[in-house]
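Okay, data.cif now, which holds mmCIF, C-alpha atoms:
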data_start
#
loop_
_atom_site.label_atom_id
_atom_site.label_comp_id
_atom_site.auth_asym_id
_atom_site.auth_seq_id
_atom_site.Cartn_x
_atom_site.Cartn_y
_atom_site.Cartn_z
CA ALA Z 1 26.26 16.22 5.42
CA GLU Z 2 29.31 18.35 4.65
CA CYS Z 3 31.58 15.32 5.20
CA LEU Z 4 29.53 13.22 2.74
CA HIS Z 5 29.60 16.08 0.25
CA ARG Z 6 33.39 16.29 0.39
CA GLN Z 7 33.83 12.51 0.32
CA HIS Z 8 31.48 11.64 -2.54
CA GLY Z 9 31.33 14.96 -4.37
CA THR Z 10 27.53 15.03 -4.44
CA THR Z 11 25.64 18.16 -5.33
CA ALA Z 12 24.51 20.10 -2.28
CA VAL Z 13 20.85 20.26 -3.27
CA PHE Z 14 19.81 21.03 0.28
CA ASP Z 15 21.55 24.42 -0.06
CA ASP Z 16 19.69 25.30 -3.29
CA PRO Z 17 16.83 27.69 -2.43
CA GLU Z 18 14.96 26.79 -5.61
CA ALA Z 19 14.99 23.09 -4.70
CA GLU Z 20 13.82 23.88 -1.17
CA ALA Z 21 10.98 26.01 -2.56
CA MET Z 22 9.96 23.20 -4.94
CA ARG Z 23 9.94 20.70 -2.07
CA GLY Z 24 7.82 23.04 0.04
CA TRP Z 25 5.38 23.52 -2.85
CA PHE Z 26 5.06 19.76 -3.33
CA ARG Z 27 4.43 19.13 0.37
CA ALA Z 28 1.88 21.96 0.47
CA LEU Z 29 0.04 20.29 -2.41
CA CYS Z 30 0.11 16.99 -0.50
CA ALA Z 31 -1.42 18.74 2.52
CA ALA Z 32 -4.07 20.31 0.29
CA ASP Z 33 -4.98 16.89 -1.10
CA GLN Z 34 -5.25 15.59 2.44
CA HIS Z 35 -7.61 18.46 3.30
CA ALA Z 36 -9.76 17.60 0.27
CA THR Z 37 -9.91 14.00 1.43
CA GLU Z 38 -11.09 15.15 4.85
CA LEU Z 39 -13.88 17.21 3.23
CA LEU Z 40 -14.95 14.18 1.22
CA ASN Z 41 -15.05 12.07 4.37
CA GLN Z 42 -17.28 14.66 6.05
CA ILE Z 43 -19.66 14.54 3.08
CA LYS Z 44 -19.75 10.75 3.31
CA SER Z 45 -20.61 10.90 7.02
CA LEU Z 46 -23.36 13.50 6.47
CA LEU Z 47 -24.87 11.83 3.40
CA PRO Z 48 -26.83 9.06 5.24
CA GLN Z 49 -28.62 11.74 7.24
CA VAL Z 50 -29.66 14.21 4.53
CA HIS Z 51 -29.51 12.10 1.33
CA PRO Z 52 -29.83 8.36 2.16
CA ALA Z 53 -30.61 7.45 -1.47
CA LEU Z 54 -27.19 8.65 -2.67
CA VAL Z 55 -25.27 6.37 -0.30
CA SER Z 56 -25.55 3.49 -2.77
CA HIS Z 57 -23.80 5.62 -5.42
CA LEU Z 58 -20.62 6.04 -3.39
CA THR Z 59 -17.46 4.65 -4.99
CA ASN Z 60 -13.90 4.12 -3.83
CA ASN Z 61 -12.97 7.58 -5.14
CA GLY Z 62 -15.95 9.25 -3.50
CA LEU Z 63 -19.00 10.64 -5.28
CA PRO Z 64 -19.31 10.82 -9.06
CA ASN Z 65 -19.48 14.23 -10.73
CA TRP Z 66 -23.21 14.06 -11.37
CA ALA Z 67 -23.85 13.38 -7.66
CA MET Z 68 -21.77 16.41 -6.69
CA GLU Z 69 -23.76 18.59 -9.09
CA LEU Z 70 -26.97 17.14 -7.70
CA LEU Z 71 -25.94 17.97 -4.13
CA LYS Z 72 -25.14 21.55 -5.15
CA ALA Z 73 -28.67 22.06 -6.51
CA TYR Z 74 -30.52 19.85 -4.01
CA PRO Z 75 -28.51 19.50 -0.77
CA THR Z 76 -31.25 17.52 1.04
CA ALA Z 77 -33.63 14.73 0.09
CA GLU Z 78 -36.61 16.98 0.97
CA ARG Z 79 -35.66 19.50 -1.74
CA LEU Z 80 -35.01 16.75 -4.28
CA ALA Z 81 -38.44 15.20 -3.57
CA ARG Z 82 -40.12 18.51 -4.49
CA ALA Z 83 -38.08 18.98 -7.68
CA ARG Z 84 -39.33 18.49 -11.25
CA VAL Z 85 -38.00 15.70 -13.43
CA LYS Z 86 -37.06 18.00 -16.33
CA THR Z 87 -35.16 20.32 -13.99
CA VAL Z 88 -33.14 17.47 -12.48
CA ALA Z 89 -32.48 16.03 -15.95
CA LYS Z 90 -30.64 19.23 -16.93
CA ILE Z 91 -27.72 18.13 -14.73
CA ARG Z 92 -24.93 16.49 -16.69
CA MET Z 93 -25.00 12.68 -16.98
CA ILE Z 94 -28.56 12.50 -15.56
CA THR Z 95 -31.27 11.32 -17.92
CA GLU Z 96 -34.99 11.77 -17.37
CA ALA Z 97 -35.37 8.15 -16.31
CA LYS Z 98 -32.57 8.49 -13.81
CA ALA Z 99 -33.97 11.79 -12.55
CA ARG Z 100 -37.39 10.20 -12.01
CA GLN Z 101 -35.74 7.32 -10.13
CA LEU Z 102 -33.79 9.70 -7.87
CA ILE Z 103 -36.88 11.75 -7.09
CA ASP Z 104 -38.92 8.64 -6.25
CA GLU Z 105 -36.15 7.39 -3.95
CA ALA Z 106 -36.02 10.78 -2.21
CA LYS Z 107 -39.77 10.66 -1.58
CA ARG Z 108 -39.45 7.26 0.14
CA TYR Z 109 -37.02 8.55 2.76
CA GLN Z 110 -39.37 10.55 4.95
CA MET Z 111 -37.07 10.17 7.97
CA ALA Z 112 -34.17 12.02 6.32
CA ALA Z 113 -32.91 15.09 8.16
CA THR Z 114 -34.53 18.31 6.99
CA GLY Z 115 -34.11 21.95 7.81
CA PRO Z 116 -32.04 24.88 6.53
CA THR Z 117 -29.01 24.08 8.71
CA ASN Z 118 -28.43 20.69 7.14
CA ALA Z 119 -28.82 22.17 3.67
CA ILE Z 120 -26.31 24.94 4.44
CA HIS Z 121 -23.88 22.41 5.93
CA MET Z 122 -24.01 20.14 2.88
CA THR Z 123 -23.74 23.07 0.47
CA PHE Z 124 -20.68 24.39 2.29
CA LEU Z 125 -18.93 21.01 2.19
CA VAL Z 126 -19.70 20.42 -1.49
CA ASP Z 127 -18.61 23.91 -2.55
CA SER Z 128 -15.43 23.66 -0.47
CA LEU Z 129 -14.56 20.28 -1.96
CA ALA Z 130 -15.18 21.46 -5.52
CA GLU Z 131 -13.01 24.55 -5.01
CA ALA Z 132 -10.25 22.52 -3.37
CA GLU Z 133 -10.20 19.92 -6.18
CA GLN Z 134 -10.10 22.59 -8.90
CA ARG Z 135 -7.31 24.49 -7.14
CA ASN Z 136 -5.27 21.35 -6.50
CA ASP Z 137 -5.62 20.12 -10.09
CA ARG Z 138 -4.52 23.50 -11.40
CA HIS Z 139 -1.41 23.57 -9.19
CA TRP Z 140 -0.54 19.94 -9.93
CA LYS Z 141 -0.53 20.77 -13.64
CA ARG Z 142 1.74 23.74 -12.99
CA LEU Z 143 4.08 21.51 -10.97
CA GLU Z 144 4.20 18.97 -13.79
CA GLN Z 145 4.86 21.67 -16.37
CA SER Z 146 7.84 22.96 -14.39
CA PHE Z 147 9.67 19.67 -15.18
CA ASN Z 148 8.95 19.58 -18.91
CA ASP Z 149 12.58 20.48 -19.69
CA SER Z 150 14.10 18.13 -17.09
CA ALA Z 151 16.25 15.34 -18.55
CA GLU Z 152 15.76 13.22 -15.42
CA ALA Z 153 11.97 13.44 -15.76
CA HIS Z 154 12.11 12.29 -19.40
CA LEU Z 155 14.37 9.36 -18.48
CA MET Z 156 12.01 8.24 -15.72
CA GLN Z 157 9.00 8.50 -18.01
CA THR Z 158 10.53 5.94 -20.35
CA ILE Z 159 9.82 3.31 -17.67
CA PRO Z 160 6.39 1.67 -18.20
CA GLY Z 161 4.26 2.66 -15.22
CA VAL Z 162 5.96 5.98 -14.42
CA GLY Z 163 4.10 9.04 -15.69
CA ILE Z 164 4.66 12.76 -15.59
CA LYS Z 165 3.04 13.16 -12.18
CA THR Z 166 5.16 10.48 -10.51
CA SER Z 167 8.40 11.78 -12.01
CA ALA Z 168 7.53 15.36 -11.07
CA ALA Z 169 6.75 14.29 -7.50
CA MET Z 170 10.07 12.42 -7.22
CA LEU Z 171 12.09 15.39 -8.48
CA ALA Z 172 10.13 17.91 -6.43
CA GLU Z 173 10.77 15.96 -3.23
CA THR Z 174 14.40 14.97 -3.88
CA GLY Z 175 15.63 17.81 -6.08
CA THR Z 176 17.69 15.39 -8.17
CA LEU Z 177 18.29 11.66 -7.92
CA THR Z 178 22.03 12.15 -8.46
CA ARG Z 179 22.43 13.50 -4.94
CA PHE Z 180 22.03 9.99 -3.50
CA ILE Z 181 25.02 7.69 -3.13
CA SER Z 182 23.13 4.55 -4.10
CA ALA Z 183 19.69 3.25 -4.95
CA ASP Z 184 19.32 1.94 -1.39
CA ALA Z 185 19.76 5.50 -0.10
CA LEU Z 186 16.97 6.71 -2.39
CA ILE Z 187 14.72 3.84 -1.29
CA ALA Z 188 15.38 4.74 2.35
CA TYR Z 189 14.59 8.39 1.61
CA CYS Z 190 11.21 7.33 0.19
CA GLY Z 191 10.48 5.31 3.35
CA LEU Z 192 10.48 1.93 1.60
CA ASP Z 193 13.48 0.46 3.44
CA PRO Z 194 12.75 -2.43 5.85
CA ILE Z 195 13.47 -1.92 9.53
CA PHE Z 196 14.39 -4.71 11.94
CA GLU Z 197 14.27 -5.14 15.68
CA GLN Z 198 17.16 -7.26 16.91
CA SER Z 199 17.42 -8.74 20.37
CA GLY Z 200 19.99 -11.40 21.09
CA ASP Z 201 20.02 -13.83 18.18
CA GLY Z 202 16.47 -13.02 17.02
CA VAL Z 203 15.62 -10.50 14.31
CA VAL Z 204 12.03 -9.30 13.80
CA ASN Z 205 11.02 -7.52 10.59
CA LYS Z 206 8.87 -4.51 11.51
CA GLY Z 207 7.95 -3.59 7.93
CA ILE Z 208 9.05 -0.46 6.08
CA SER Z 209 10.17 2.68 7.86
CA HIS Z 210 7.41 4.95 6.40
CA LYS Z 211 9.80 7.92 6.34
CA GLY Z 212 9.24 10.77 3.97
CA PRO Z 213 5.89 12.00 2.64
CA ALA Z 214 3.16 9.39 2.45
CA LYS Z 215 1.78 11.07 -0.68
CA LEU Z 216 4.94 10.12 -2.57
CA ARG Z 217 4.58 6.47 -1.55
CA GLY Z 218 0.94 6.59 -2.65
CA MET Z 219 2.02 7.76 -6.10
CA LEU Z 220 4.67 5.06 -6.25
CA PHE Z 221 2.02 2.47 -5.32
CA ASN Z 222 -0.19 3.55 -8.23
CA ALA Z 223 2.85 3.52 -10.51
CA ALA Z 224 3.73 0.00 -9.33
CA ARG Z 225 0.19 -1.19 -10.06
CA THR Z 226 0.50 0.09 -13.61
CA ALA Z 227 4.00 -1.38 -13.91
CA VAL Z 228 2.78 -4.82 -12.81
CA ALA Z 229 0.42 -4.78 -15.78
CA HIS Z 230 2.69 -3.23 -18.43
CA ASN Z 231 6.33 -3.51 -17.27
CA PRO Z 232 7.81 -6.97 -17.99
CA ILE Z 233 10.47 -6.73 -15.26
CA ILE Z 234 8.08 -5.65 -12.51
CA LYS Z 235 5.47 -8.14 -13.72
CA SER Z 236 7.83 -11.12 -13.52
CA PHE Z 237 9.12 -9.93 -10.13
CA TYR Z 238 5.56 -9.63 -8.77
CA GLN Z 239 4.57 -13.05 -10.10
CA ARG Z 240 7.63 -14.65 -8.50
CA LEU Z 241 6.78 -13.13 -5.11
CA THR Z 242 3.11 -14.10 -5.18
CA ALA Z 243 3.98 -17.61 -6.38
CA ASN Z 244 6.16 -18.03 -3.27
CA GLY Z 245 3.26 -17.13 -0.98
CA LYS Z 246 3.92 -13.45 -0.35
CA PRO Z 247 0.78 -11.38 0.36
CA TYR Z 248 -0.43 -8.71 -2.04
CA TYR Z 249 0.67 -5.55 -0.24
CA LEU Z 250 4.06 -6.98 0.67
CA ALA Z 251 4.68 -7.89 -2.97
CA MET Z 252 3.51 -4.45 -4.10
CA THR Z 253 5.85 -2.74 -1.63
CA ALA Z 254 8.74 -4.76 -3.01
CA CYS Z 255 7.70 -3.75 -6.55
CA MET Z 256 7.67 -0.10 -5.47
CA ALA Z 257 11.24 -0.39 -4.20
CA LYS Z 258 12.33 -2.17 -7.39
CA LEU Z 259 10.69 0.55 -9.49
CA VAL Z 260 12.59 3.22 -7.56
CA ARG Z 261 15.78 1.26 -8.15
CA ILE Z 262 15.14 1.21 -11.90
CA MET Z 263 14.41 4.94 -11.89
CA TYR Z 264 17.69 5.61 -10.13
CA ALA Z 265 19.60 3.41 -12.60
CA CYS Z 266 18.11 5.23 -15.61
CA VAL Z 267 19.01 8.65 -14.20
CA ILE Z 268 22.55 7.70 -13.11
CA THR Z 269 23.46 6.00 -16.38
CA GLY Z 270 21.63 8.57 -18.51
CA LYS Z 271 19.98 5.81 -20.56
CA ALA Z 272 16.34 5.16 -21.26
CA PHE Z 273 14.60 2.08 -19.92
CA ASP Z 274 15.61 -1.10 -21.70
CA PRO Z 275 14.30 -4.47 -20.42
CA THR Z 276 17.04 -6.36 -22.26
CA ILE Z 277 19.65 -4.84 -19.94
CA HIS Z 278 17.98 -6.53 -16.98
CA GLU Z 279 17.93 -9.87 -18.80
CA LYS Z 280 21.62 -9.55 -19.64
CA ASN Z 281 22.46 -8.77 -16.01
CA VAL Z 282 20.52 -11.80 -14.79
CA LYS Z 283 22.29 -14.08 -17.28
CA ARG Z 284 25.69 -12.66 -16.38
CA CYS Z 285 25.30 -12.64 -12.59
CA GLY Z 286 23.04 -15.67 -12.19
CA ASP Z 287 20.35 -16.25 -9.59
CA ASP Z 288 22.72 -15.47 -6.70
CA HIS Z 289 22.56 -11.74 -7.43
CA ARG Z 290 18.81 -11.49 -7.83
CA ALA Z 291 16.82 -9.33 -5.45
CA LYS Z 292 16.10 -11.16 -2.23
CA GLU Z 293 12.49 -11.80 -1.37
CA PRO Z 294 11.19 -9.51 1.38
CA LEU Z 295 10.32 -10.97 4.73
CA GLY Z 296 6.77 -10.84 5.97
CA ARG Z 297 5.83 -8.43 8.72
CA LYS Z 298 6.77 -9.76 12.18
CA GLU Z 299 8.61 -12.65 10.57
CA VAL Z 300 11.39 -13.82 12.90
CA THR Z 301 14.75 -15.17 11.82
CA HIS Z 302 17.42 -16.54 14.15
CA ALA Z 303 21.14 -16.34 13.57
CA VAL Z 304 23.72 -18.91 14.67
CA ARG Z 305 23.70 -19.05 18.44
CA ASP Z 306 26.84 -18.41 20.43
CA SER Z 307 26.89 -20.75 23.43
CA LEU Z 308 29.30 -18.45 25.31
CA ALA Z 309 27.25 -15.27 24.80
CA PRO Z 310 25.39 -14.03 27.91
CA ILE Z 311 21.60 -14.22 27.75
CA SER Z 312 18.78 -13.01 29.95
CA ARG Z 313 16.64 -15.20 32.17
CA LYS Z 314 13.68 -14.77 29.86
CA GLU Z 315 15.71 -15.84 26.84
CA LYS Z 316 17.04 -18.84 28.76
CA GLN Z 317 13.51 -19.97 29.60
CA ARG Z 318 12.44 -19.48 25.97
CA ARG Z 319 15.32 -21.63 24.72
CA LYS Z 320 14.53 -24.38 27.22
CA ALA Z 321 10.89 -24.42 26.18
CA GLN Z 322 11.94 -24.52 22.55
CA GLU Z 323 14.27 -27.46 23.18
CA ARG Z 324 11.53 -29.35 25.05
CA GLN Z 325 9.14 -28.75 22.18
CA GLN Z 326 11.68 -29.98 19.64
CA THR Z 327 12.34 -33.10 21.71
CA ALA Z 328 8.64 -33.81 22.04
CA ASP Z 329 8.12 -33.34 18.31
CA SER Z 330 10.97 -35.71 17.47
CA VAL Z 331 9.66 -38.39 19.87
CA ARG Z 332 6.16 -38.01 18.46
CA GLY Z 333 7.50 -38.39 14.94
CA GLN Z 334 9.39 -41.55 15.87
CA CYS Z 335 6.31 -43.06 17.47
CA LEU Z 336 4.21 -42.33 14.40
CA ASN Z 337 6.75 -43.82 12.01
CA ALA Z 338 7.48 -46.97 14.12
CA GLU Z 339 5.41 -50.15 13.71
CA PRO Z 340 3.04 -51.02 16.59
CA PRO Z 341 4.58 -53.68 18.88
CA ALA Z 342 2.96 -57.09 18.98
CA VAL Z 343 1.09 -57.94 22.20
CA ALA Z 344 2.15 -61.21 23.81
CA GLY Z 345 -0.65 -63.76 24.01
CA GLU Z 346 -2.91 -61.74 21.74
CA HIS Z 347 -4.35 -64.86 20.15
CA VAL Z 348 -5.09 -66.31 23.62
CA LEU Z 349 -7.01 -63.21 24.66
CA GLY Z 350 -9.00 -63.34 21.44
CA ARG Z 351 -9.91 -66.98 21.98
CA GLN Z 352 -11.07 -66.38 25.59
CA LYS Z 353 -13.05 -63.33 24.45
CA ARG Z 354 -14.91 -65.40 21.87
CA LYS Z 355 -15.75 -68.05 24.48
CA THR Z 356 -16.76 -65.87 27.43
CA GLY Z 357 -17.63 -62.58 25.67
CA ARG Z 358 -15.18 -60.58 27.79
CA VAL Z 359 -11.45 -60.06 28.02
CA PRO Z 360 -9.80 -61.45 31.20
CA ILE Z 361 -7.71 -59.11 33.30
CA MET Z 362 -3.98 -59.71 32.91
CA THR Z 363 -2.00 -59.57 36.18
#
Could you render the structure from this file as structure tokens?
Amino acid sequence: AECLHRQHGTTAVFDDPEAEAMRGWFRALCAADQHATELLNQIKSLLPQVHPALVSHLTNNGLPNWAMELLKAYPTAERLARARVKTVAKIRMITEAKARQLIDEAKRYQMAATGPTNAIHMTFLVDSLAEAEQRNDRHWKRLEQSFNDSAEAHLMQTIPGVGIKTSAAMLAETGTLTRFISADALIAYCGLDPIFEQSGDGVVNKGISHKGPAKLRGMLFNAARTAVAHNPIIKSFYQRLTANGKPYYLAMTACMAKLVRIMYACVITGKAFDPTIHEKNVKRCGDDHRAKEPLGRKEVTHAVRDSLAPISRKEKQRRKAQERQQTADSVRGQCLNAEPPAVAGEHVLGRQKRKTGRVPIMT
């Protein structure tokens, strides 16, 4: 690290105690969000036992706010079945019709788990989740406010798809984007760089390295989804990948890396996002300098073979089998393309078959 610092003159952010404290704060918030997710998963697993009627109201993000308020007041279906409609309707976003429907559904589930222990368990989980979400939201806002005066954050926010939370997360984790030698180094730091497994003349793509915090990649994924809809550069790049048969998540990962590359370019040059710059670069450099399409996971490519290079017995057997398969395929293709040969005496056999009703045996 000291050698790179002397060679490239980069800022030694890793020696800045303030940057280290900011990185620790960001990672602690990521861990707190993970803990909140675990609490939500526990509520989801307990819900079919104590509140089967609320299972149908689960969404991708968990339970809606009105369901959380309902669980605080009535942690089990037994208590909800004995509640009054007007009392349940006092909860936000619950009308009297909806309250009557929920109470009727709770009365149908007589086999739901009852007892004070289940009620205490559900109340503890709901209260813990509510406190964790409020605390995390409060600290995320404080983290975002700490970068209000950052020039790098304002430059990144000029990119369609990158908001204050994504830019704050990037700066909190990296300290500053100027510490990296190139955009590829920043992409590798985020864990979006592809890794390969090479053996002999075969190269297998193992996907991305997944280094760095996963929470940061999750934020970049959400930013890439927004950029695909509103950023013309990312949108055209995504459409080109999907048109060539790339799957959704592979194309989105490539868009995440391209978005990080644009963020790095804006910070290094000190200029706001301008889509015309990308168009000018494409016209000047041509298609040869466009970003290469990512390989699919476990996609194998073979380099030019060296006949004099030593190989293992297993590789030798694989090459022989491959050559036999290629020979068989070529022979099969020639047979399919060639015209069927004429059979000698075919008209004689047909005449004898019409007379006798059977084909004589040719010796």
Report as JSON, numbers by chain the full result of the PyMOL selection byres ((chain Z and resi 224) around 8) when it is applied to this structure.
-> {"Z": [161, 220, 221, 222, 223, 225, 226, 227, 228, 234, 252, 255, 256, 259]}
Just write the chosen residues, C-alpha atoms, as a compact mmCIF listing (two decimals), keeping the file's coordinate frame.
# COMPACT_ATOMS: atom_id res chain seq x y z
CA GLY Z 161 4.26 2.66 -15.22
CA LEU Z 220 4.67 5.06 -6.25
CA PHE Z 221 2.02 2.47 -5.32
CA ASN Z 222 -0.19 3.55 -8.23
CA ALA Z 223 2.85 3.52 -10.51
CA ARG Z 225 0.19 -1.19 -10.06
CA THR Z 226 0.50 0.09 -13.61
CA ALA Z 227 4.00 -1.38 -13.91
CA VAL Z 228 2.78 -4.82 -12.81
CA ILE Z 234 8.08 -5.65 -12.51
CA MET Z 252 3.51 -4.45 -4.10
CA CYS Z 255 7.70 -3.75 -6.55
CA MET Z 256 7.67 -0.10 -5.47
CA LEU Z 259 10.69 0.55 -9.49
CA of Val50 in chain Z to CA of Ala77 in chain Z, distance in Å rounded to a single decimal =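 CA of Ala77 in chain Z lies at a distance of 6.0 Å from CA of Val50 in chain Z.
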With all atoms listed in the file as the atoms that count, which of Z:Gln239, Z:Thr37, Z:Asn337, Z:Gln325 lies nearest to Glu133 in chain Z?
-> Z:Thr37
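Between CA of Gly270 in chain Z and CA of Gly218 in chain Z the separation is 26.1 Å.
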Write out as a PyMOL selection string which residues come within 12 Å of Asn61 in chain Z when counting all atoms listed in the file, dropping same-chain ones fewer than 5 positions away.
-> chain Z and resi 36-37+40-41+44
Give me a file of those residues, with C-alpha atoms, as a PDB file, in the coordinates of the input.
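Wrote selection.pdb, looks like this:
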ATOM      1  CA  ALA Z  36      -9.760  17.600   0.270  1.00  0.00           C
ATOM      2  CA  THR Z  37      -9.910  14.000   1.430  1.00  0.00           C
ATOM      3  CA  LEU Z  40     -14.950  14.180   1.220  1.00  0.00           C
ATOM      4  CA  ASN Z  41     -15.050  12.070   4.370  1.00  0.00           C
ATOM      5  CA  LYS Z  44     -19.750  10.750   3.310  1.00  0.00           C
TER       6      LYS Z  44
END
Between CA of Ala188 in chain Z and CA of Lys211 in chain Z - distance in Å to one decimal =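 Straight-line distance from CA of Lys211 in chain Z to CA of Ala188 in chain Z works out to 7.6 Å.
Taking all atoms listed in the file, the non-local environment of Ala214 in chain Z within 12 Å (same-chain residues fewer than 2 positions away omitted) comprises Arg27, Cys30, Ala31, Asp33, Gln34, Ala169, Glu173, Tyr189, Cys190, Gly191, Leu192, Ser209, His210, Lys211, Gly212, Leu216, Arg217, Gly218, Met219, Leu220 and Phe221 of chain Z.
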Would you kindly return, as a list in words, each protein, DNA or RNA residue with an atom no farther than 12 Å from any atom of Leu58 in chain Z, considering all atoms listed in the file and excluding same-chain residues fewer than 5 positions away?
->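 The contact residues come out as Leu40, Asn41, Ile43, Lys44, Ser45, Leu47, Pro48, His51, Pro52, Ala53, Leu63, Pro64, Asn65, Trp66, Ala67 and Met68 of chain Z.
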Which of these, Z:Gly62, Z:Lys90, Z:Ser56, Z:Thr123, has the shortest distance to Pro75 in chain Z once you count all atoms listed in the file?
-> Z:Thr123
Taking the file above as input, evaluate the PyMOL selection byres ((chain Z and resi 240) around 12) and report the hits as an MDAnalysis selection string.
-> chainID Z and resid 228 233:239 241:248 251:252 254:255 290:294
Quick one: everything within 10 Å of Met22 in chain Z, counting only C-alpha atoms, minus sequence neighbours fewer than 6 positions away in the same chain. Send it as a list in words.
->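 Skipping anything fewer than 6 positions along the chain leaves Ala28, Leu143, Ser146, Ala169, Leu171, Ala172, Glu173, Thr174 and Gly175 of chain Z.
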Nearby residues (all atoms listed in the file) at most 8 Å from Ala99 in chain Z, same-chain spacing under 6 positions excluded, as a list of chain:residue names | Z:Val85, Z:Lys86, Z:Val88, Z:Ala89
Using only C-alpha atoms, please write the residues we just selected to a file, as a PDB file, keeping the file's coordinate frame.
ATOM      1  CA  VAL Z  85     -38.000  15.700 -13.430  1.00  0.00           C
ATOM      2  CA  LYS Z  86     -37.060  18.000 -16.330  1.00  0.00           C
ATOM      3  CA  VAL Z  88     -33.140  17.470 -12.480  1.00  0.00           C
ATOM      4  CA  ALA Z  89     -32.480  16.030 -15.950  1.00  0.00           C
TER       5      ALA Z  89
END
Go through Z:Thr87, Z:Thr269, Z:Asn118, Z:Gln134 one by one, measure the shortest atom-to-atom distance of each to Leu155 in chain Z using all atoms listed in the file, and give the residue with the smallest value.
->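 Looking only at the distances to Leu155 in chain Z, the closest residue turns out to be Z:Thr269.
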From the set Z:Arg82, Z:Lys165, Z:His230, Z:Arg324, which residue has the shortest atom-to-atom contact distance to Asp104 in chain Z, counting all atoms listed in the file?
->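 Going through Z:Arg82, Z:Lys165, Z:His230, Z:Arg324 one by one, the smallest distance to Asp104 in chain Z is for Z:Arg82.
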Measuring atom to atom with only C-alpha atoms, identify which of Z:His57, Z:His35, Z:Lys107, Z:Arg23 is nearest to Glu78 in chain Z.
->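 Counting only C-alpha atoms, the residue closest to Glu78 in chain Z is Z:Lys107.
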